[in-house]
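Colleague: Once you've had a glance at the structure underneath, I'll fire off some questions.
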Amino acid sequence: MKNLSLDLIAHSLFFLSVFSANKLLASDLKIGSKSPQVSAINQDGAEVDLGKEAAKGYTLVYFYPKADTPGCTAQACSIRDHFDVLTKKDVKVYGVSSDKVKAQLDFKEKYRLPFDLLADTDKKVIKAFGVSSMMGFSSRQAFLIKDGVIVWIDRKASTKEQADDVLKFLEANS
């Protein structure tokens, strides 16, 4: 019984330390930081260079834990439902999770998402943006980039209000 308790404590401390380390990493990017220069594969298997995409105009990069789960679907559909308004404001959108390409494609097709979903299976994008993660799943966060510089960060991104939060920032800063 003592060994089981010690194992449980050891595992708990390990996960806590990993989560805490990721939380510290999350503070690296701030408003005014340059956008990370990183690439990932989209739902169609094509490489997307986020550094290049974010260099001109507005780019929203939002992170979600897992494709086709309730909260992640609500977040994606929030952006989908406001996509016309976002594109009129010249905002490019990229959703990022550690899901595989096929899962991203299925998610995009099922909910008719009009923007790219990046399959960050090696977690390069998640790490580059300093997004905290636990057990392989990224936390829900969003970054708005203008001309290669981060102008807005949402470390606890909303599910149903994601697009509204971005639009409020754009309205207040236009």
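Simple scheme: letters A, B, ... for chains in structure tokens order, numbers from 1 for residues in each chain, numbers from 1 for ligands in the order shown.
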From a DSSP calculation on the backbone, collect every residue of range 5-172 of chain A in strand (DSSP E or B) and output the set as a PyMOL selection string.
Modeller: chain A and resi 34+39-42+47-49+58-63+91-97+116-119+133-134+137-138+141-146+149-154
Colleague: Considering only C-alpha atoms, return as an MDAnalysis selection string whatever protein or nucleic-acid residues lie within 6 Å of range 151-165 of chain A, sequence-local ones (same chain, fewer than 3 positions apart) excluded.
Modeller: chainID A and resid 31 71 74:75 78:79 140:145 168
Colleague: Only C-alpha atoms, please: the residues just picked out, written as a compact mmCIF listing (two decimals), in the first residue's frame.
Modeller:
```txt
# COMPACT_ATOMS: atom_id res chain seq x y z
CA ILE A 31 2.00 41.74 -26.61
CA GLY A 71 -15.62 22.81 -26.49
CA ALA A 74 -17.96 25.45 -30.20
CA GLN A 75 -14.74 27.47 -30.50
CA SER A 78 -17.77 30.59 -33.28
CA ILE A 79 -15.02 31.58 -35.69
CA ARG A 140 -7.25 26.71 -25.36
CA GLN A 141 -5.45 29.96 -26.30
CA ALA A 142 -5.53 32.52 -29.08
CA PHE A 143 -3.07 34.99 -30.56
CA LEU A 144 -3.82 37.86 -32.91
CA ILE A 145 -0.84 38.98 -34.93
CA LYS A 168 -14.09 43.40 -29.76
```
Colleague: Name the closest residue to Val48 in chain A among the candidates A:Pro114, A:Gly136, A:Gly95, A:Gly130; distances are taken between atoms, counting only C-alpha atoms.
Modeller: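 With only C-alpha atoms as the atom set, the closest residue is A:Gly95.
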Colleague: Just list as a count of residues only whatever in range 51-130 of chain A DSSP marks as alpha helix (DSSP H).
Modeller: 36
Colleague: What's the separation between CA of Ala172 in chain A and CA of Lys30 in chain A, in Å to one decimal place?
Modeller: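 CA of Lys30 in chain A lies at a distance of 18.9 Å from CA of Ala172 in chain A.
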